[in-house]
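The structure under discussion appears below in the form of structure tokens.
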Amino acid sequence: MTTVERGTDRRRRTLAQLAASVLVVLVVLVAGTLAVDAAQTTGLASRNEAPTLGHWFGTDWLGRDVLARVLAGLRLSLVVGTSAAVLSALIALVLASAATVGGPRVDAVVGWLVDLFLALPHLVLLILLAFALGGGTEAVIVAVAVTHWPTLTRVLRGRAKEVVAADFVSVSAHLGRGRWWIARRHVTGHLAGQFLVGLVLLFPHAILHEAALSFLGLGVDPAEPSIGVLLAESMRYLSAGAWWLAVLPGLCLLVVVKAVDGIGENLRALLNPRSHHL
Amino acid sequence: MLVAKRWQQRLGVIGLRVRTRRWVAVALAAAALGAATACSTGDAVSGAKPTELRLAIGGEAEDGYDPTLGWGRYGNPLFQSTLLTRDADLKITNDLATGYSVSPDGLVWTVDIRSDATFSDGKPVTPGDVAYTFNTAATSGGLTDVTVLDQAVAVDEDTVELRLREPRSTFVNRLVSLGIVPEHAHGPGYARDPVGSGPFVLEQWDEGQQLIVRRNDDYYGGKPAFERVVFVFTDEDASLAAARSGQVDVAALPSALASTEMPGMTLHAIESVDNRGITFPYQPATGRTNADGEPIGDPVTSDVAVRRAINLAIDRQALVDGVLDGHGRPATGPVDGLPWYDPSTAVTGTDPDAAARLLDEAGWRDTDGDGVRERDGVRAEFTLLYLASDSLRQGLALAVADMLKPIGVAVTAKGESWEVIETRMHADAVLFGWGSHDPTEMYNLYHSGQAGIELYNPGYYGDPEVDAALDAGMAATDPAEATAHWKEAQRHFGPAADAAWAWLVNLDHTYFVDSCLDVGQEQVEPHGHGWPITWNITGWRWTC
């Protein structure tokens with residue numbers, strides 16, 4: 001009795017948290033889209049002003065409203081994060097499927113690739129890639145996607161192997177079904193849960209890396225209001241006491257990352273209640 | 001020369017990018033250096049000021065220090081000396097030369113050379129070296145444009161003749177900027193180990209980190225008060241830190257950092273002709289393209305009323321105060337404050353009402369009430385491109401766009417790379433930075449013959465009267481006559497006439513200088529690069 005009650009509570013709480021996280025992300029998306037114009041509007045008469053009622057987050061060195069810039073930046077982060085996470089998860093899915101159905105040689109190659117990428121310090125690789133691709137939003141997306149597939153690949157590959165070893169798959173094989181048919185009809189469905197959760201959990205990584213690359217000047221166009229760009233710009237004025245330029249965008253980034261992370265964690269709890277580690 | 005201008009536009013950014021990745025190493029080097037010198041000179045004990053000067057003013061010449069390849073093209077090559085030089089008022093005075101004359105047809109420049117000058121290896125500077133330098137620079141394809149030179153000939157032991165292909169009044173600037181190299185010691189390794197007759201000799205160059213120079217005790221001019229000068233190459237943040245901790249005596253910092261409190265140092269905001277302005281596509285949009293298929297023309301900015309209105313509506317003082325932190329001056333022409341500037345062409349103040357009237361009269365009216373004017377179905381809107389990585393240009397572009405909204409002109413400011421800007425600059429407005437002590441630049445920006453060549457005259461501006469005045473200025477043999485022609489040209493292309501550009505601001509170059517260091521009178525500095533502040537380094541002194 002008590003166990004059941006606790007279970008229901010947990011499920012309800014998970015759903016509530018999930019809803020709250022999704023709400024935060026949606027609000028940021030909508031507000032960010034509305035703030036794109038305001039984020040670029042200068043006010044030379046009110047530069048570097050501390051937070052007031054008119055400008056909740058203060059203004060920057062050109063008198064632009066920092067709140068508008070933060071919202072527009074978070075929206076950009078979400079767009080970059082989504083693209084990079086989806087790309088990365090797709091790479092992982094393709095490699096994991098190939099490893100499963102392609103025979104031992106392909107499996108060995110994929111295993112070796114995963115080990116190789118896990119062995120390399122991924123931040124260094126990320127910076128090198130973003131630099132080699134010449135910077136810009138696309139470069140960030142590609143660089144993050146290319147460096148973040150190994151863990152998910154490993155998880156998906158393990159799960160796929162488990163499925164392939166199951167009786168119904170060997171029956172299927174004995175009935176003369178081809179490997180690709182089995183991959184499509186039997187394996188993919190079982191990977192959906194892991195895939196979805198892995199995808200969502202890649203998301204905060206992608207957002208943080210976008211901010212890091214932009215901060216280093218290798219990411220999105222410095223004219224775009226991205227959180228990384230905002231933080232990089234704020235460096236100059238920090239010593240003059242303009243704390244709001246760095247603290248508020250940083251906190252907002254934290255909140256959004258936490259929200260997205262919350263979506264992933266709660267989704268996992270819903271889809272795969274027994275798994276605590278991915 | 002063409003290449004030179006392209007690099008002039010680009011170098012600042014590239015240099016910055018390269019350096020940001022080096023700055024940690026450089027900061028460490030600077031710190032070590034500071035510690036080392038503090039120990040060795042022991043000035044705190046003796047009370048005497050060190051005879052070594054440390055400057056963080058950028059300007060590393062990545063191609064080395066060979067004047068025939070472009071070193072010193074902004075003047076004051078430090079290791080070499082030039083025939084002529086400019087004083088604090090930019091007036092041309094003798095340096096290696098004792099005098100010069102130009103033949104009546106403007107084709108032969110005869111220069112008399114002083115006989116007491118020696119190179120740092122002890123050999124005398126001869127007319128043969130001068131002729132060799134000019135002939136080498138003319139054929140080297142370097143960044144100093146001496147291509148108008150036909151031949152330089154040493155005619156006797158103290159005279160050299162520079163024979164030109166055509167008269168060129170601005171050739172005098174080559175006499176000011178081309179450092180003389182020794183014929184006997186000039187070769188492939190020269191750029192890294194220069195021998196010259198300038199006030200200092202290169203001692204050590206650690207690329208990307210520092211350059212150490214030692215006083216040339218045989219220098220014929222004033223003897224510098226410092227035995228050694230160290231140029232440390234740091235990025236802005238490292239320069240700021242070095243200045244704050246007293247590790248450098250002079251630090252060049254962007255105007256945004258100039259408001260910082262810096263104990264023991266004084267802010268020197270030096271006037272410059274380092275300007276920022278907007279070039280407008282001058283041709284109507286007819287679908288025309290250039291040889292590379294790049295579009296030419298714009299239906300809005302090709303209307304002179306729009307260009308004049310924009311010039312009237314921009315609040316330049318607000319740009320100076322708001323974007324440059326007050327470290328600059330409003331600019332209304334490309335050569336503000338230079339001897340060939342015509343002040344009568346300046347825009348005085350800001351008058352958005354007059355701008356609106358101009359647009360009304362020209363038929364631009366907001367008939368649909370969306371805040372943007374139209375004429376014959378064309379909306380008064382255009383794109384303003386700027387170099388994305390340059391925060392100052394970004395600030396100017398965004399602020400200008402906001403200033404033009406009230407007069408019903410919609411400007412979309414967009415940051416791009418030079419690669420993209422170069423393909424679109426004939427059909428979109430672009431925010432450029434120029435500024436030179438040489439009026440050739442004005443010729444290049446406004447002469448129709450320069451349209452679309454490299455970064456010159458990007459808007460394909462063309463006006464027969466301007467062309468005639470500029471040609472006459474180039475061909476003049478008398479400086480005063482040339483100046484009259486340069487002024488004439490400004491009256492035709494200026495903001496009240498063709499308004500081919502909307503010039504915005506002249507930057508002040510901001511330096512923090514040790515409060516005990518007297519750097520003498522400052523010169524109006526050109527657009528970026530080199531070490532303009534060192535023009536009179538031989539006269540720098542400690543005052544306390």
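Residues in the structure tokens are numbered from 1 in each chain, the chains being A, B, ... in the order shown, and ligands are numbered from 1 in the order shown.
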Select from chain B every residue with an atom at most 10 Å from any atom of chain A, then for each give the shortest pair of atoms and their distance in Å to one decimal, using only C-alpha atoms, rows by chain and rising number, as CSV.
```
residue,atom,partner,partner_atom,distance
B:Arg17,CA,A:Gly217,CA,8.6
B:Thr20,CA,A:Leu216,CA,9.2
B:Arg21,CA,A:Leu216,CA,9.4
B:Glu236,CA,A:Arg236,CA,9.7
B:Asp237,CA,A:Arg236,CA,8.1
B:Ala256,CA,A:Arg236,CA,8.0
B:Leu257,CA,A:Arg236,CA,7.2
B:Ser259,CA,A:Ala240,CA,8.8
B:Thr260,CA,A:Ala240,CA,7.1
B:Glu261,CA,A:Ala240,CA,9.0
B:Ala318,CA,A:Leu44,CA,7.0
B:Leu319,CA,A:Leu44,CA,7.7
B:Val320,CA,A:Leu44,CA,9.9
B:Asp321,CA,A:Leu44,CA,8.0
B:Gly322,CA,A:Leu44,CA,4.9
B:Val323,CA,A:Leu62,CA,6.6
B:Asp325,CA,A:Trp61,CA,9.4
B:Tyr386,CA,A:Ala223,CA,9.8
B:Leu387,CA,A:Ala223,CA,9.3
B:Ala388,CA,A:Ala223,CA,5.9
B:Ser389,CA,A:Pro222,CA,5.9
B:Asp390,CA,A:Pro222,CA,8.3
B:Ser391,CA,A:Ala223,CA,7.9
B:Leu392,CA,A:Leu62,CA,10.0
B:Gln394,CA,A:Ala223,CA,7.0
B:Gly395,CA,A:Leu62,CA,6.5
B:Leu396,CA,A:Leu62,CA,9.2
B:Leu398,CA,A:Thr42,CA,6.6
B:Ala399,CA,A:Thr42,CA,5.8
B:Val400,CA,A:Thr42,CA,9.3
B:Ala401,CA,A:Thr41,CA,8.8
B:Asp402,CA,A:Thr41,CA,6.8
B:Met403,CA,A:Thr42,CA,9.4
B:Ala413,CA,A:Gln40,CA,9.3
B:Lys414,CA,A:Ala223,CA,7.9
B:Gly415,CA,A:Ala223,CA,6.1
B:Glu416,CA,A:Asp221,CA,8.3
B:Ser417,CA,A:Asp221,CA,9.5
```
Within 6 Å of range 136-153 of chain A using only C-alpha atoms, minus same-chain residues under 3 positions, as a ChimeraX atom specification = /A:84,87-88,92,96,114,126,129-130,133,156-157,219-221
Suppose you want the space between CA of Asn506 in chain B and CA of Val524 in chain B; what is it in Å?
->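 That distance, rounded to one decimal, is 10.6 Å.
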Could you work out how far CA of Arg214 in chain B lies from CA of Phe200 in chain B, giving the answer in Å with one decimal?
->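 Distance between the two atoms: 5.5 Å.
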Tell me, which residues of range 82-220 of chain A carry DSSP alpha helix (DSSP H), written as a VMD selection string?
-> chain A and resid 82 to 101 103 to 119 122 to 132 137 to 147 150 to 164 167 to 174 179 to 182 188 to 215
8 Å contact set for range 107-120 of chain B, only C-alpha atoms, chain neighbours under 5 positions out, as a PDB file with N, CA and C atoms, in the first residue's frame:
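New file part10.pdb:
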```
ATOM      1  N   LEU B  83      64.146  60.028 -45.763  1.00  0.00           N
ATOM      2  CA  LEU B  83      64.699  61.254 -46.341  1.00  0.00           C
ATOM      3  C   LEU B  83      64.068  62.475 -45.689  1.00  0.00           C
ATOM      4  N   LEU B  96      67.088  62.634 -43.418  1.00  0.00           N
ATOM      5  CA  LEU B  96      68.343  62.297 -44.097  1.00  0.00           C
ATOM      6  C   LEU B  96      68.642  63.324 -45.185  1.00  0.00           C
ATOM      7  N   ALA B  97      67.594  63.892 -45.747  1.00  0.00           N
ATOM      8  CA  ALA B  97      67.783  64.873 -46.816  1.00  0.00           C
ATOM      9  C   ALA B  97      68.123  66.232 -46.208  1.00  0.00           C
ATOM     10  N   THR B  98      68.871  67.007 -46.951  1.00  0.00           N
ATOM     11  CA  THR B  98      69.107  68.385 -46.523  1.00  0.00           C
ATOM     12  C   THR B  98      68.250  69.336 -47.344  1.00  0.00           C
ATOM     13  N   GLY B  99      67.585  68.793 -48.343  1.00  0.00           N
ATOM     14  CA  GLY B  99      66.698  69.600 -49.157  1.00  0.00           C
ATOM     15  C   GLY B  99      66.299  68.802 -50.384  1.00  0.00           C
ATOM     16  N   TYR B 100      65.203  69.214 -51.027  1.00  0.00           N
ATOM     17  CA  TYR B 100      64.840  68.536 -52.273  1.00  0.00           C
ATOM     18  C   TYR B 100      64.143  69.525 -53.184  1.00  0.00           C
ATOM     19  N   SER B 101      64.183  69.230 -54.478  1.00  0.00           N
ATOM     20  CA  SER B 101      63.479  70.082 -55.426  1.00  0.00           C
ATOM     21  C   SER B 101      62.817  69.190 -56.474  1.00  0.00           C
ATOM     22  N   VAL B 102      61.749  69.723 -57.046  1.00  0.00           N
ATOM     23  CA  VAL B 102      61.014  68.986 -58.067  1.00  0.00           C
ATOM     24  C   VAL B 102      61.126  69.762 -59.368  1.00  0.00           C
ATOM     25  N   VAL B 125      75.910  56.513 -45.016  1.00  0.00           N
ATOM     26  CA  VAL B 125      74.725  56.454 -45.868  1.00  0.00           C
ATOM     27  C   VAL B 125      75.024  57.263 -47.123  1.00  0.00           C
ATOM     28  N   THR B 126      74.960  56.615 -48.279  1.00  0.00           N
ATOM     29  CA  THR B 126      75.315  57.293 -49.528  1.00  0.00           C
ATOM     30  C   THR B 126      74.089  57.428 -50.419  1.00  0.00           C
ATOM     31  N   PRO B 127      74.150  58.340 -51.411  1.00  0.00           N
ATOM     32  CA  PRO B 127      73.065  58.431 -52.384  1.00  0.00           C
ATOM     33  C   PRO B 127      72.834  57.095 -53.083  1.00  0.00           C
ATOM     34  N   ASP B 158      76.484  63.425 -52.935  1.00  0.00           N
ATOM     35  CA  ASP B 158      75.441  63.745 -51.955  1.00  0.00           C
ATOM     36  C   ASP B 158      74.096  64.076 -52.603  1.00  0.00           C
ATOM     37  N   THR B 159      73.879  63.613 -53.821  1.00  0.00           N
ATOM     38  CA  THR B 159      72.623  63.922 -54.496  1.00  0.00           C
ATOM     39  C   THR B 159      72.062  62.662 -55.162  1.00  0.00           C
ATOM     40  N   VAL B 160      70.747  62.526 -55.053  1.00  0.00           N
ATOM     41  CA  VAL B 160      70.093  61.408 -55.731  1.00  0.00           C
ATOM     42  C   VAL B 160      68.923  61.973 -56.531  1.00  0.00           C
ATOM     43  N   GLU B 161      68.702  61.406 -57.716  1.00  0.00           N
ATOM     44  CA  GLU B 161      67.585  61.824 -58.556  1.00  0.00           C
ATOM     45  C   GLU B 161      66.561  60.707 -58.612  1.00  0.00           C
ATOM     46  N   LEU B 162      65.310  61.060 -58.300  1.00  0.00           N
ATOM     47  CA  LEU B 162      64.226  60.092 -58.384  1.00  0.00           C
ATOM     48  C   LEU B 162      63.404  60.466 -59.605  1.00  0.00           C
ATOM     49  N   ARG B 163      63.437  59.621 -60.613  1.00  0.00           N
ATOM     50  CA  ARG B 163      62.737  59.933 -61.870  1.00  0.00           C
ATOM     51  C   ARG B 163      61.417  59.162 -61.917  1.00  0.00           C
ATOM     52  N   LEU B 164      60.337  59.911 -62.112  1.00  0.00           N
ATOM     53  CA  LEU B 164      59.002  59.307 -62.067  1.00  0.00           C
ATOM     54  C   LEU B 164      58.473  59.076 -63.477  1.00  0.00           C
ATOM     55  N   ARG B 165      57.504  58.195 -63.562  1.00  0.00           N
ATOM     56  CA  ARG B 165      56.844  57.939 -64.850  1.00  0.00           C
ATOM     57  C   ARG B 165      55.865  59.052 -65.177  1.00  0.00           C
ATOM     58  N   GLU B 166      55.260  59.643 -64.137  1.00  0.00           N
ATOM     59  CA  GLU B 166      54.315  60.740 -64.348  1.00  0.00           C
ATOM     60  C   GLU B 166      54.364  61.629 -63.110  1.00  0.00           C
ATOM     61  N   PRO B 167      53.957  62.895 -63.228  1.00  0.00           N
ATOM     62  CA  PRO B 167      54.009  63.775 -62.056  1.00  0.00           C
ATOM     63  C   PRO B 167      53.115  63.209 -60.939  1.00  0.00           C
ATOM     64  N   ARG B 168      53.572  63.330 -59.702  1.00  0.00           N
ATOM     65  CA  ARG B 168      52.801  62.759 -58.604  1.00  0.00           C
ATOM     66  C   ARG B 168      53.095  63.560 -57.343  1.00  0.00           C
ATOM     67  N   PRO B 182      70.828  49.815 -46.349  1.00  0.00           N
ATOM     68  CA  PRO B 182      72.177  49.807 -46.912  1.00  0.00           C
ATOM     69  C   PRO B 182      72.282  48.793 -48.055  1.00  0.00           C
ATOM     70  N   VAL B 195      69.716  46.502 -40.662  1.00  0.00           N
ATOM     71  CA  VAL B 195      70.792  47.461 -40.416  1.00  0.00           C
ATOM     72  C   VAL B 195      70.302  48.781 -40.994  1.00  0.00           C
ATOM     73  N   GLY B 196      70.323  49.843 -40.192  1.00  0.00           N
ATOM     74  CA  GLY B 196      69.808  51.103 -40.697  1.00  0.00           C
ATOM     75  C   GLY B 196      70.460  52.277 -40.020  1.00  0.00           C
ATOM     76  N   SER B 197      69.977  53.458 -40.351  1.00  0.00           N
ATOM     77  CA  SER B 197      70.562  54.665 -39.791  1.00  0.00           C
ATOM     78  C   SER B 197      69.597  55.343 -38.831  1.00  0.00           C
ATOM     79  N   GLY B 198      68.660  54.574 -38.289  1.00  0.00           N
ATOM     80  CA  GLY B 198      67.658  55.140 -37.385  1.00  0.00           C
ATOM     81  C   GLY B 198      68.166  55.227 -35.953  1.00  0.00           C
ATOM     82  N   VAL B 201      68.578  50.145 -32.814  1.00  0.00           N
ATOM     83  CA  VAL B 201      69.037  48.948 -33.515  1.00  0.00           C
ATOM     84  C   VAL B 201      68.306  47.753 -32.928  1.00  0.00           C
ATOM     85  N   ASN B 216      71.038  53.410 -30.935  1.00  0.00           N
ATOM     86  CA  ASN B 216      72.118  53.512 -31.919  1.00  0.00           C
ATOM     87  C   ASN B 216      72.952  54.738 -31.544  1.00  0.00           C
ATOM     88  N   ASP B 218      75.491  55.932 -32.783  1.00  0.00           N
ATOM     89  CA  ASP B 218      76.028  56.703 -33.909  1.00  0.00           C
ATOM     90  C   ASP B 218      74.935  57.502 -34.619  1.00  0.00           C
ATOM     91  N   TYR B 219      73.725  57.468 -34.083  1.00  0.00           N
ATOM     92  CA  TYR B 219      72.625  58.167 -34.767  1.00  0.00           C
ATOM     93  C   TYR B 219      72.928  59.649 -34.881  1.00  0.00           C
ATOM     94  N   TYR B 220      72.660  60.209 -36.059  1.00  0.00           N
ATOM     95  CA  TYR B 220      73.025  61.607 -36.313  1.00  0.00           C
ATOM     96  C   TYR B 220      72.066  62.585 -35.652  1.00  0.00           C
TER      97      TYR B 220
END
```
So how many Å separate CA of Gly222 in chain B and CA of Lys123 in chain B, to one decimal?
-> 19.3 Å
Which residue, A:Leu128, A:Gly198, A:Leu231, A:Ala246, has the smallest gap to Val86 in chain A when you use only C-alpha atoms?
-> A:Gly198
Quick one: residues within 7 Å of Asp60 in chain A, only C-alpha atoms counted, chain neighbours fewer than 3 positions away excluded, as a PyMOL selection string?
-> chain A and resi 47-48+63-66+245
Can those selected residues be exported to a file as a PDB file, in the first residue's frame so that it contains C-alpha atoms?
```pdb
ATOM      1  CA  ARG A  47      24.801  52.986 -21.051  1.00  0.00           C
ATOM      2  CA  ASN A  48      26.098  50.492 -18.527  1.00  0.00           C
ATOM      3  CA  GLY A  63      22.622  50.912 -23.728  1.00  0.00           C
ATOM      4  CA  ARG A  64      20.992  47.727 -24.992  1.00  0.00           C
ATOM      5  CA  ASP A  65      18.600  46.030 -22.599  1.00  0.00           C
ATOM      6  CA  VAL A  66      20.437  43.080 -21.050  1.00  0.00           C
ATOM      7  CA  LEU A 245      26.476  42.036 -17.328  1.00  0.00           C
TER       8      LEU A 245
END
```
What lies within 9 Å of Val36 in chain A using only C-alpha atoms, ignoring chain neighbours under 5 positions off, as a PyMOL selection string?
-> chain A and resi 31+68-69+71-73+225
From the DSSP assignment of the backbone, select every residue of range 178-369 of chain B that is strand (DSSP E or B), and format the answer as number ranges by chain.
-> B: 200-206, 210-215, 228-232, 250-253, 265-279, 289, 295, 328-330, 365
For range 101-111 of chain A, list every protein, DNA or RNA residue within 12 Å, evaluated using only C-alpha atoms, and leave out those in the same chain fewer than 2 positions away; present the list as a PDB file with C-alpha atoms, in the first residue's frame.
```
ATOM      1  CA  ILE A  91      25.232   9.908 -35.503  1.00  0.00           C
ATOM      2  CA  ALA A  92      25.016   7.720 -32.412  1.00  0.00           C
ATOM      3  CA  LEU A  93      21.930   5.910 -33.725  1.00  0.00           C
ATOM      4  CA  VAL A  94      23.458   5.233 -37.126  1.00  0.00           C
ATOM      5  CA  LEU A  95      26.717   3.946 -35.635  1.00  0.00           C
ATOM      6  CA  ALA A  96      24.959   1.809 -33.040  1.00  0.00           C
ATOM      7  CA  SER A  97      22.687   0.275 -35.687  1.00  0.00           C
ATOM      8  CA  ALA A  98      25.643  -0.355 -37.971  1.00  0.00           C
ATOM      9  CA  ALA A  99      27.542  -2.013 -35.137  1.00  0.00           C
ATOM     10  CA  LEU A 113      35.907   4.838 -32.806  1.00  0.00           C
ATOM     11  CA  VAL A 114      33.980   5.223 -29.571  1.00  0.00           C
ATOM     12  CA  ASP A 115      37.098   4.446 -27.526  1.00  0.00           C
ATOM     13  CA  LEU A 116      39.149   6.824 -29.633  1.00  0.00           C
ATOM     14  CA  PHE A 117      36.750   9.745 -29.179  1.00  0.00           C
ATOM     15  CA  LEU A 118      36.304   9.023 -25.494  1.00  0.00           C
ATOM     16  CA  TRP A 149      28.047  10.988 -29.903  1.00  0.00           C
ATOM     17  CA  PRO A 150      30.339   8.354 -28.278  1.00  0.00           C
ATOM     18  CA  THR A 151      28.592   7.852 -24.914  1.00  0.00           C
ATOM     19  CA  THR A 153      26.542   5.262 -29.138  1.00  0.00           C
ATOM     20  CA  ARG A 154      27.910   2.968 -26.465  1.00  0.00           C
ATOM     21  CA  VAL A 155      24.585   2.893 -24.592  1.00  0.00           C
ATOM     22  CA  LEU A 156      22.562   2.274 -27.735  1.00  0.00           C
ATOM     23  CA  ARG A 157      24.984  -0.396 -28.924  1.00  0.00           C
ATOM     24  CA  GLY A 158      24.741  -2.219 -25.601  1.00  0.00           C
ATOM     25  CA  ALA A 160      20.819  -3.205 -29.246  1.00  0.00           C
ATOM     26  CA  LYS A 161      23.073  -6.180 -28.509  1.00  0.00           C
ATOM     27  CA  VAL A 163      17.802  -7.063 -28.041  1.00  0.00           C
ATOM     28  CA  VAL A 164      19.624  -8.989 -30.753  1.00  0.00           C
ATOM     29  CA  ALA A 165      20.490 -11.715 -28.286  1.00  0.00           C
ATOM     30  CA  VAL A 169      15.191 -12.076 -32.716  1.00  0.00           C
ATOM     31  CA  ALA A 173      16.484 -14.750 -38.067  1.00  0.00           C
ATOM     32  CA  GLY A 178      17.376 -10.209 -43.173  1.00  0.00           C
ATOM     33  CA  ARG A 179      19.547  -8.232 -40.827  1.00  0.00           C
ATOM     34  CA  TRP A 180      18.193  -4.856 -41.915  1.00  0.00           C
ATOM     35  CA  TRP A 181      14.623  -6.042 -41.504  1.00  0.00           C
ATOM     36  CA  ILE A 182      15.435  -7.116 -37.968  1.00  0.00           C
ATOM     37  CA  ALA A 183      17.213  -3.844 -37.250  1.00  0.00           C
ATOM     38  CA  ARG A 184      14.237  -1.850 -38.489  1.00  0.00           C
ATOM     39  CA  HIS A 186      12.832  -5.284 -33.808  1.00  0.00           C
ATOM     40  CA  VAL A 187      15.816  -3.249 -32.680  1.00  0.00           C
ATOM     41  CA  THR A 188      14.815   0.368 -33.404  1.00  0.00           C
TER      42      THR A 188
END
```
Close residues, His327 in chain B itself excluded, 7 Å, only C-alpha atoms, min 5 positions apart in chain, as a list in words |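 So the residues in contact are Ser255, Ala269, Val320, Leu507 and Asp508 of chain B.
Closest approach to Glu62 in chain B from the set B:Pro339, B:Leu175, B:Gly530, B:Pro495 is made by B:Gly530, with distances taken over only C-alpha atoms.
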Using only C-alpha atoms, find the one residue out of A:Leu254, A:Ser172, A:Ile207, A:Ala192 that sits nearest to Leu90 in chain A.
-> A:Ala192
